[in-house]
Amino acid sequence: MSTPVSAPMAGKLISVDVKVGDKVKKNDEVATLEAMKMFIKVFAPADGIVASIDAEADATVDPSTVILTLK
């Protein structure tokens with residue numbers, strides 16, 4: 001089963017802090033975005049392995065944007 005990781009709010013994706021194949025645990029930091037002049041950390045919603053990176057740094061994202069997918 002795959003788990004999409006989405007942006008918690010609209011903003012600019014600053015960095016994806018994991019790469020495909022990395023093992024992550026629930027609440028590990030996986031990305032950073034900038035919204036309203038604040039840096040917002042994005043956390044893994046579940047344990048898993050990064051299956052794909054679906055958004056690139058500097059992209060504009062919103063809650064419907066999948067940043068990465070865990071398997």
# chains A, B, ... in the order shown; residues from 1 in each chain; ligands from 1
$ select_by_dssp --residues "region 5-71 of chain A" --states "strand (DSSP E)" --output "ChimeraX atom specification"
/A:5-6,11-16,23-24,29-35,38-43,48-53,60-61,66-70
$ residues_around --residues "Lys12 (chain A)" --least-positions-apart "6" --cutoff "6 Å" --atoms "only C-alpha atoms" --output "mmCIF file with C-alpha atoms, in the first residue's frame"
data_model
loop_
_atom_site.group_PDB
_atom_site.id
_atom_site.type_symbol
_atom_site.label_atom_id
_atom_site.label_comp_id
_atom_site.auth_asym_id
_atom_site.auth_seq_id
_atom_site.Cartn_x
_atom_site.Cartn_y
_atom_site.Cartn_z
ATOM 1 C CA LEU A 33 8.185 24.516 2.478
ATOM 2 C CA GLU A 34 7.885 28.260 2.845
ATOM 3 C CA ASP A 58 11.062 25.602 -5.922
ATOM 4 C CA ALA A 59 7.674 24.197 -6.997
ATOM 5 C CA THR A 60 4.511 25.889 -5.779
ATOM 6 C CA VAL A 61 2.498 23.353 -3.789
#
$ closest_residue --among "A:Met38, A:Val66, A:Ile53, A:Val20" --to "Ala7 (chain A)" --atoms "only C-alpha atoms"
A:Val66
$ residues_around --residues "Lys37 (chain A)" --least-positions-apart "5" --cutoff "12 Å" --atoms "only C-alpha atoms" --output "list in words"
Ala10, Gly11, Lys12 and Ile14 of chain A
$ write_last_selection --atoms "C-alpha atoms" --output "short mmCIF file (atom, residue, chain, number, x, y, z; two decimals), in the first residue's frame"
data_model
loop_
_atom_site.label_atom_id
_atom_site.label_comp_id
_atom_site.auth_asym_id
_atom_site.auth_seq_id
_atom_site.Cartn_x
_atom_site.Cartn_y
_atom_site.Cartn_z
CA ALA A 10 -0.05 26.27 0.07
CA GLY A 11 3.51 27.52 -0.34
CA LYS A 12 6.84 27.08 -2.09
CA ILE A 14 12.12 24.64 -0.42
#
$ closest_residue --among "A:Asp47, A:Asp17, A:Asp28, A:Asp22" --to "Ser2 (chain A)" --atoms "only C-alpha atoms"
A:Asp47
$ residues_around --residues "Met1 (chain A)" --least-positions-apart "4" --cutoff "12 Å" --atoms "only C-alpha atoms" --output "JSON, numbers by chain"
{"A": [46, 47, 48, 49, 51, 69, 70, 71]}
$ residues_around --residues "Val16 (chain A)" --least-positions-apart "4" --cutoff "9 Å" --atoms "only C-alpha atoms" --output "tab-separated table (two decimals) with N, CA and C atoms, in the first residue's frame"
chain	number	residue	atom	x	y	z
A	30	VAL	N	10.48	15.13	6.26
A	30	VAL	CA	10.76	14.68	4.90
A	30	VAL	C	10.90	15.83	3.89
A	31	ALA	N	10.39	17.01	4.25
A	31	ALA	CA	10.47	18.15	3.33
A	31	ALA	C	10.26	19.45	4.10
A	32	THR	N	10.60	20.56	3.43
A	32	THR	CA	10.42	21.89	4.00
A	32	THR	C	9.77	22.77	2.96
A	33	LEU	N	8.77	23.54	3.39
A	33	LEU	CA	8.18	24.52	2.48
A	33	LEU	C	8.12	25.87	3.15
A	53	ILE	N	9.68	10.60	-5.51
A	53	ILE	CA	9.66	12.03	-5.21
A	53	ILE	C	8.80	12.64	-6.32
A	55	ALA	N	7.47	15.96	-6.41
A	55	ALA	CA	7.55	17.41	-6.60
A	55	ALA	C	9.01	17.83	-6.41
A	56	GLU	N	9.40	18.86	-7.12
A	56	GLU	CA	10.78	19.34	-7.06
A	56	GLU	C	10.86	20.62	-6.23
A	57	ALA	N	12.05	20.87	-5.70
A	57	ALA	CA	12.30	22.11	-4.97
A	57	ALA	C	11.96	23.29	-5.86
A	67	ILE	N	3.90	15.48	-2.56
A	67	ILE	CA	5.34	15.79	-2.58
A	67	ILE	C	6.14	14.52	-2.82
A	68	LEU	N	5.78	13.47	-2.11
A	68	LEU	CA	6.44	12.19	-2.26
A	68	LEU	C	5.49	11.07	-1.87
$ closest_residue --among "A:Ala44, A:Ser64, A:Ala35, A:Ser52" --to "Leu13 (chain A)" --atoms "only C-alpha atoms"
A:Ala35
$ atom_distance --atom1 "CA of Asp54 (chain A)" --atom2 "CA of Glu29 (chain A)"
16.2 Å
$ atom_distance --atom1 "CA of Pro8 (chain A)" --atom2 "CA of Ile40 (chain A)"
8.5 Å
